[in-house]
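K.L.:
The structure file target-v6.txt (compact mmCIF, N, CA, C and O atoms) is provided below.
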```
# COMPACT_ATOMS: atom_id res chain seq x y z
N MET A 466 13.88 -25.82 -127.55
CA MET A 466 15.21 -25.88 -128.09
C MET A 466 15.27 -24.96 -129.30
O MET A 466 14.36 -24.93 -130.12
N LEU A 467 16.35 -24.20 -129.39
CA LEU A 467 16.60 -23.33 -130.54
C LEU A 467 17.77 -23.88 -131.32
O LEU A 467 18.60 -24.61 -130.78
N TYR A 468 17.87 -23.49 -132.58
CA TYR A 468 18.92 -24.01 -133.44
C TYR A 468 19.59 -22.89 -134.23
O TYR A 468 19.28 -22.68 -135.40
N PRO A 469 20.53 -22.17 -133.61
CA PRO A 469 21.29 -21.15 -134.36
C PRO A 469 22.36 -21.82 -135.22
O PRO A 469 22.65 -23.01 -135.06
N LEU A 470 22.96 -21.05 -136.10
CA LEU A 470 24.06 -21.56 -136.90
C LEU A 470 25.19 -22.00 -135.99
O LEU A 470 25.52 -21.34 -135.01
N ALA A 471 25.80 -23.13 -136.33
CA ALA A 471 26.89 -23.68 -135.51
C ALA A 471 28.20 -22.99 -135.84
O ALA A 471 28.46 -22.63 -136.99
N SER A 472 29.04 -22.82 -134.83
CA SER A 472 30.42 -22.38 -135.02
C SER A 472 31.25 -23.63 -135.22
O SER A 472 31.20 -24.54 -134.38
N LEU A 473 31.99 -23.68 -136.30
CA LEU A 473 32.70 -24.91 -136.64
C LEU A 473 34.21 -24.71 -136.74
O LEU A 473 34.66 -23.69 -137.25
N GLU A 474 34.94 -25.73 -136.29
CA GLU A 474 36.38 -25.75 -136.48
C GLU A 474 36.63 -26.09 -137.95
O GLU A 474 35.77 -26.63 -138.64
N ALA A 475 37.84 -25.78 -138.42
CA ALA A 475 38.18 -25.96 -139.84
C ALA A 475 37.95 -27.39 -140.31
O ALA A 475 37.44 -27.61 -141.42
N ASP A 476 38.31 -28.40 -139.49
CA ASP A 476 38.16 -29.79 -139.93
C ASP A 476 36.68 -30.17 -140.11
O ASP A 476 36.32 -30.88 -141.05
N LYS A 477 35.82 -29.65 -139.25
CA LYS A 477 34.39 -29.92 -139.38
C LYS A 477 33.81 -29.22 -140.60
O LYS A 477 32.99 -29.79 -141.32
N LEU A 478 34.26 -27.99 -140.83
CA LEU A 478 33.81 -27.25 -142.00
C LEU A 478 34.25 -27.96 -143.28
O LEU A 478 33.46 -28.08 -144.24
N ASP A 479 35.47 -28.47 -143.30
CA ASP A 479 35.97 -29.22 -144.46
C ASP A 479 35.12 -30.47 -144.71
O ASP A 479 34.82 -30.80 -145.86
N ALA A 480 34.74 -31.16 -143.64
CA ALA A 480 33.92 -32.37 -143.77
C ALA A 480 32.55 -32.02 -144.37
O ALA A 480 32.03 -32.76 -145.22
N ILE A 481 31.99 -30.90 -143.96
CA ILE A 481 30.69 -30.47 -144.49
C ILE A 481 30.82 -30.09 -145.95
O ILE A 481 29.99 -30.44 -146.78
N LYS A 482 31.90 -29.38 -146.29
CA LYS A 482 32.12 -29.00 -147.69
C LYS A 482 32.26 -30.25 -148.57
O LYS A 482 31.75 -30.29 -149.69
N SER A 483 32.93 -31.25 -148.06
CA SER A 483 33.07 -32.51 -148.80
C SER A 483 31.71 -33.17 -149.01
O SER A 483 31.41 -33.67 -150.10
N LEU A 484 30.90 -33.19 -147.97
CA LEU A 484 29.56 -33.75 -148.08
C LEU A 484 28.74 -32.98 -149.11
O LEU A 484 28.02 -33.58 -149.91
N GLU A 485 28.83 -31.65 -149.09
CA GLU A 485 28.09 -30.84 -150.05
C GLU A 485 28.45 -31.23 -151.48
O GLU A 485 27.58 -31.34 -152.34
N LYS A 486 29.74 -31.44 -151.74
CA LYS A 486 30.19 -31.86 -153.07
C LYS A 486 29.62 -33.23 -153.41
O LYS A 486 29.16 -33.46 -154.53
N ASP A 487 29.64 -34.14 -152.45
CA ASP A 487 29.14 -35.50 -152.68
C ASP A 487 27.66 -35.53 -152.98
O ASP A 487 27.21 -36.27 -153.86
N ILE A 488 26.86 -34.75 -152.26
CA ILE A 488 25.41 -34.81 -152.43
C ILE A 488 24.88 -33.76 -153.40
O ILE A 488 23.72 -33.78 -153.78
N GLY A 489 25.75 -32.80 -153.78
CA GLY A 489 25.34 -31.78 -154.74
C GLY A 489 24.35 -30.78 -154.21
O GLY A 489 23.54 -30.23 -154.95
N SER A 490 24.41 -30.53 -152.91
CA SER A 490 23.47 -29.60 -152.29
C SER A 490 24.13 -28.91 -151.10
O SER A 490 24.92 -29.54 -150.39
N PRO A 491 23.83 -27.63 -150.89
CA PRO A 491 24.36 -26.96 -149.71
C PRO A 491 23.84 -27.59 -148.43
O PRO A 491 22.73 -28.12 -148.39
N VAL A 492 24.65 -27.54 -147.37
CA VAL A 492 24.29 -28.07 -146.07
C VAL A 492 24.48 -26.95 -145.04
O VAL A 492 25.49 -26.25 -145.08
N VAL A 493 23.53 -26.79 -144.16
CA VAL A 493 23.61 -25.79 -143.10
C VAL A 493 23.81 -26.51 -141.77
O VAL A 493 23.06 -27.43 -141.45
N ALA A 494 24.82 -26.10 -141.01
CA ALA A 494 25.09 -26.71 -139.70
C ALA A 494 24.44 -25.85 -138.61
O ALA A 494 24.69 -24.65 -138.52
N LEU A 495 23.60 -26.50 -137.81
CA LEU A 495 22.92 -25.83 -136.71
C LEU A 495 23.35 -26.45 -135.39
O LEU A 495 23.66 -27.63 -135.32
N ALA A 496 23.34 -25.64 -134.34
CA ALA A 496 23.69 -26.13 -133.00
C ALA A 496 22.47 -26.00 -132.10
O ALA A 496 21.81 -24.96 -132.09
N GLY A 497 22.16 -27.06 -131.35
CA GLY A 497 21.03 -27.01 -130.44
C GLY A 497 21.36 -26.22 -129.18
O GLY A 497 22.42 -26.38 -128.61
N VAL A 498 20.44 -25.36 -128.79
CA VAL A 498 20.60 -24.55 -127.58
C VAL A 498 19.32 -24.69 -126.76
O VAL A 498 18.23 -24.45 -127.27
N GLU A 499 19.47 -25.11 -125.52
CA GLU A 499 18.30 -25.23 -124.64
C GLU A 499 17.73 -23.85 -124.33
O GLU A 499 18.45 -22.94 -123.95
N ALA A 500 16.44 -23.69 -124.55
CA ALA A 500 15.76 -22.43 -124.25
C ALA A 500 14.29 -22.71 -124.02
O ALA A 500 13.70 -23.55 -124.69
N ASN A 501 13.73 -22.03 -123.07
CA ASN A 501 12.30 -22.13 -122.79
C ASN A 501 11.60 -20.93 -123.40
O ASN A 501 11.89 -19.80 -123.04
N THR A 502 10.70 -21.19 -124.32
CA THR A 502 9.99 -20.09 -124.96
C THR A 502 8.98 -19.47 -124.01
O THR A 502 8.44 -20.13 -123.12
N ALA A 503 8.77 -18.20 -124.20
CA ALA A 503 7.83 -17.45 -123.36
C ALA A 503 6.41 -17.63 -123.90
O ALA A 503 6.20 -17.61 -125.11
N ALA A 504 5.46 -17.80 -123.01
CA ALA A 504 4.05 -17.84 -123.39
C ALA A 504 3.55 -16.40 -123.38
O ALA A 504 3.34 -15.81 -122.32
N LEU A 505 3.38 -15.83 -124.57
CA LEU A 505 2.99 -14.43 -124.67
C LEU A 505 1.48 -14.29 -124.81
O LEU A 505 0.84 -15.08 -125.51
N PRO A 506 0.93 -13.25 -124.19
CA PRO A 506 -0.47 -12.93 -124.45
C PRO A 506 -0.64 -12.58 -125.92
O PRO A 506 0.33 -12.16 -126.59
N GLU A 507 -1.83 -12.74 -126.44
CA GLU A 507 -2.08 -12.55 -127.88
C GLU A 507 -1.61 -11.19 -128.39
O GLU A 507 -1.03 -11.10 -129.48
N GLU A 508 -1.80 -10.12 -127.63
CA GLU A 508 -1.39 -8.78 -128.05
C GLU A 508 0.13 -8.70 -128.23
O GLU A 508 0.63 -8.13 -129.19
N GLN A 509 0.87 -9.28 -127.28
CA GLN A 509 2.32 -9.26 -127.37
C GLN A 509 2.82 -10.16 -128.51
O GLN A 509 3.77 -9.82 -129.21
N LEU A 510 2.17 -11.30 -128.70
CA LEU A 510 2.52 -12.20 -129.79
C LEU A 510 2.33 -11.50 -131.14
O LEU A 510 3.16 -11.60 -132.04
N LYS A 511 1.25 -10.74 -131.26
CA LYS A 511 0.98 -9.99 -132.49
C LYS A 511 2.10 -8.99 -132.75
O LYS A 511 2.57 -8.85 -133.88
N LYS A 512 2.56 -8.30 -131.71
CA LYS A 512 3.66 -7.34 -131.86
C LYS A 512 4.93 -8.04 -132.33
O LYS A 512 5.64 -7.54 -133.20
N LEU A 513 5.21 -9.20 -131.77
CA LEU A 513 6.38 -9.97 -132.16
C LEU A 513 6.27 -10.38 -133.63
O LEU A 513 7.22 -10.22 -134.42
N GLN A 514 5.12 -10.86 -134.04
CA GLN A 514 4.91 -11.29 -135.42
C GLN A 514 5.00 -10.12 -136.39
O GLN A 514 5.54 -10.26 -137.50
N GLU A 515 4.50 -8.97 -135.99
CA GLU A 515 4.59 -7.78 -136.85
C GLU A 515 6.04 -7.38 -137.06
O GLU A 515 6.44 -7.02 -138.17
N LEU A 516 6.84 -7.45 -136.00
CA LEU A 516 8.26 -7.09 -136.13
C LEU A 516 9.00 -8.13 -136.98
O LEU A 516 9.87 -7.78 -137.76
N GLU A 517 8.61 -9.40 -136.85
CA GLU A 517 9.18 -10.43 -137.72
C GLU A 517 8.94 -10.07 -139.19
O GLU A 517 9.87 -10.14 -140.01
N GLN A 518 7.72 -9.72 -139.51
CA GLN A 518 7.36 -9.35 -140.89
C GLN A 518 8.18 -8.16 -141.35
O GLN A 518 8.71 -8.15 -142.45
N GLU A 519 8.28 -7.16 -140.51
CA GLU A 519 8.99 -5.93 -140.85
C GLU A 519 10.48 -6.19 -141.09
O GLU A 519 11.06 -5.65 -142.03
N LEU A 520 11.09 -7.02 -140.24
CA LEU A 520 12.53 -7.25 -140.32
C LEU A 520 12.90 -8.40 -141.25
O LEU A 520 14.06 -8.53 -141.64
N GLY A 521 11.95 -9.26 -141.56
CA GLY A 521 12.24 -10.42 -142.40
C GLY A 521 13.08 -11.48 -141.70
O GLY A 521 13.92 -12.12 -142.32
N VAL A 522 12.85 -11.64 -140.41
CA VAL A 522 13.58 -12.63 -139.61
C VAL A 522 12.58 -13.42 -138.76
O VAL A 522 11.41 -13.05 -138.66
N VAL A 523 13.07 -14.47 -138.12
CA VAL A 523 12.26 -15.21 -137.16
C VAL A 523 12.69 -14.77 -135.76
O VAL A 523 13.87 -14.76 -135.45
N LEU A 524 11.72 -14.36 -134.96
CA LEU A 524 11.99 -13.95 -133.58
C LEU A 524 11.39 -14.96 -132.62
O LEU A 524 10.30 -15.47 -132.86
N VAL A 525 12.11 -15.24 -131.54
CA VAL A 525 11.63 -16.19 -130.53
C VAL A 525 11.75 -15.49 -129.18
O VAL A 525 12.84 -15.08 -128.78
N ALA A 526 10.64 -15.35 -128.49
CA ALA A 526 10.66 -14.80 -127.12
C ALA A 526 10.96 -15.95 -126.16
O ALA A 526 10.30 -16.99 -126.23
N VAL A 527 11.95 -15.78 -125.31
CA VAL A 527 12.33 -16.81 -124.35
C VAL A 527 12.08 -16.31 -122.93
O VAL A 527 12.07 -15.11 -122.67
N ARG A 528 11.86 -17.26 -122.05
CA ARG A 528 11.66 -16.90 -120.65
C ARG A 528 12.99 -16.50 -120.04
O ARG A 528 14.01 -17.17 -120.26
N PRO A 529 13.02 -15.42 -119.25
CA PRO A 529 14.27 -15.04 -118.58
C PRO A 529 14.64 -16.09 -117.54
O PRO A 529 13.77 -16.80 -117.02
N ASN A 530 15.92 -16.20 -117.29
CA ASN A 530 16.39 -17.19 -116.28
C ASN A 530 15.94 -16.85 -114.90
O ASN A 530 15.81 -15.95 -114.35
```
Give the structure from the file, written as C-alpha cells.
P.N.:
Amino acid sequence: MLYPLASLEADKLDAIKSLEKDIGSPVVALAGVEANTAALPEEQLKKLQELEQELGVVLVAVRPN
C-alpha cells in the first residue's frame, strides 16, 4: 500500500485546518492506494536508492499490472 497526498474537498480541508488549530500542529492528509511493490535485484535496488539520494525523494518500484 502506498500513501500519496490526499485530494480533499473544501469541507474536509476546513475540518483539517480546524484540527490543526486545536492541536497546534500541522496535519498531512494521505490517501491509501493499493500497489504491489516490485522485488528488485540488488543492482537495480542500488540504482533506485542512488536516484532517491540524488533527487531527494522517496521512490517506490511497483509491479506492472
K.L.:
Region 496-499 of chain A: which residues within 7 Å, counting only C-alpha atoms, same-chain residues fewer than 5 positions away excluded, as a PDB file with N, CA, C and O atoms, in the coordinates of the input?
P.N.:
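out-v1.pdb, written as the output of this step:
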```pdb
ATOM      1  N   MET A 466      13.880 -25.820-127.550  1.00  0.00           N
ATOM      2  CA  MET A 466      15.210 -25.880-128.090  1.00  0.00           C
ATOM      3  C   MET A 466      15.270 -24.960-129.300  1.00  0.00           C
ATOM      4  O   MET A 466      14.360 -24.930-130.120  1.00  0.00           O
ATOM      5  N   LEU A 467      16.350 -24.200-129.390  1.00  0.00           N
ATOM      6  CA  LEU A 467      16.600 -23.330-130.540  1.00  0.00           C
ATOM      7  C   LEU A 467      17.770 -23.880-131.320  1.00  0.00           C
ATOM      8  O   LEU A 467      18.600 -24.610-130.780  1.00  0.00           O
ATOM      9  N   TYR A 468      17.870 -23.490-132.580  1.00  0.00           N
ATOM     10  CA  TYR A 468      18.920 -24.010-133.440  1.00  0.00           C
ATOM     11  C   TYR A 468      19.590 -22.890-134.230  1.00  0.00           C
ATOM     12  O   TYR A 468      19.280 -22.680-135.400  1.00  0.00           O
ATOM     13  N   PRO A 469      20.530 -22.170-133.610  1.00  0.00           N
ATOM     14  CA  PRO A 469      21.290 -21.150-134.360  1.00  0.00           C
ATOM     15  C   PRO A 469      22.360 -21.820-135.220  1.00  0.00           C
ATOM     16  O   PRO A 469      22.650 -23.010-135.060  1.00  0.00           O
ATOM     17  N   LEU A 470      22.960 -21.050-136.100  1.00  0.00           N
ATOM     18  CA  LEU A 470      24.060 -21.560-136.900  1.00  0.00           C
ATOM     19  C   LEU A 470      25.190 -22.000-135.990  1.00  0.00           C
ATOM     20  O   LEU A 470      25.520 -21.340-135.010  1.00  0.00           O
ATOM     21  N   ALA A 471      25.800 -23.130-136.330  1.00  0.00           N
ATOM     22  CA  ALA A 471      26.890 -23.680-135.510  1.00  0.00           C
ATOM     23  C   ALA A 471      28.200 -22.990-135.840  1.00  0.00           C
ATOM     24  O   ALA A 471      28.460 -22.630-136.990  1.00  0.00           O
TER      25      ALA A 471
END
```
K.L.:
Mind the document's chain letters and residue numbers, and return as a PyMOL selection string the residues of chain A that DSSP labels helix (DSSP H, G or I).
P.N.:
chain A and resi 475-488+507-520
K.L.:
Hey, can you check how far atom O of Lys477 (chain A) sits from atom O of Val493 (chain A)?
P.N.:
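Going from atom O of Lys477 (chain A) over to atom O of Val493 (chain A), I get 10.2 Å.
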K.L.:
Leaving out Pro529 (chain A) and any residue of its chain fewer than 5 positions from it, which residues lie within 8 Å of it when counting only N, CA, C and O atoms, given as a PyMOL selection string?
P.N.:
chain A and resi 501-503
K.L.:
Separation of CA of Val527 (chain A) and CA of Ala500 (chain A), in Å?
P.N.:
6.6 Å
K.L.:
Just how far from CA of Arg528 (chain A) is CA of Glu508 (chain A), in Å to one decimal?
P.N.:
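Distance reported for this atom pair: 17.1 Å.
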K.L.:
Find, counting only N, CA, C and O atoms, the residue in A:Ser472, A:Leu478, A:Val522, A:Leu510 that gets nearest to Ala494 (chain A).
P.N.:
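Of the candidates, the smallest distance to Ala494 (chain A) is held by A:Ser472.
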K.L.:
List every residue of chain A that DSSP, applied to the backbone of this structure, assigns to strand (DSSP E or B), and report them as a list of chain:residue names.
P.N.:
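Taking chain A and keeping strand (DSSP E or B) only, one gets A:Leu467, A:Leu470, A:Leu495, A:Val498, A:Thr502, A:Val527.
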K.L.:
Would you please work out which residue, of A:Leu495, A:Ala504, A:Leu520, A:Leu513, is nearest to Ile481 (chain A) when using only C-alpha atoms?
P.N.:
A:Leu495
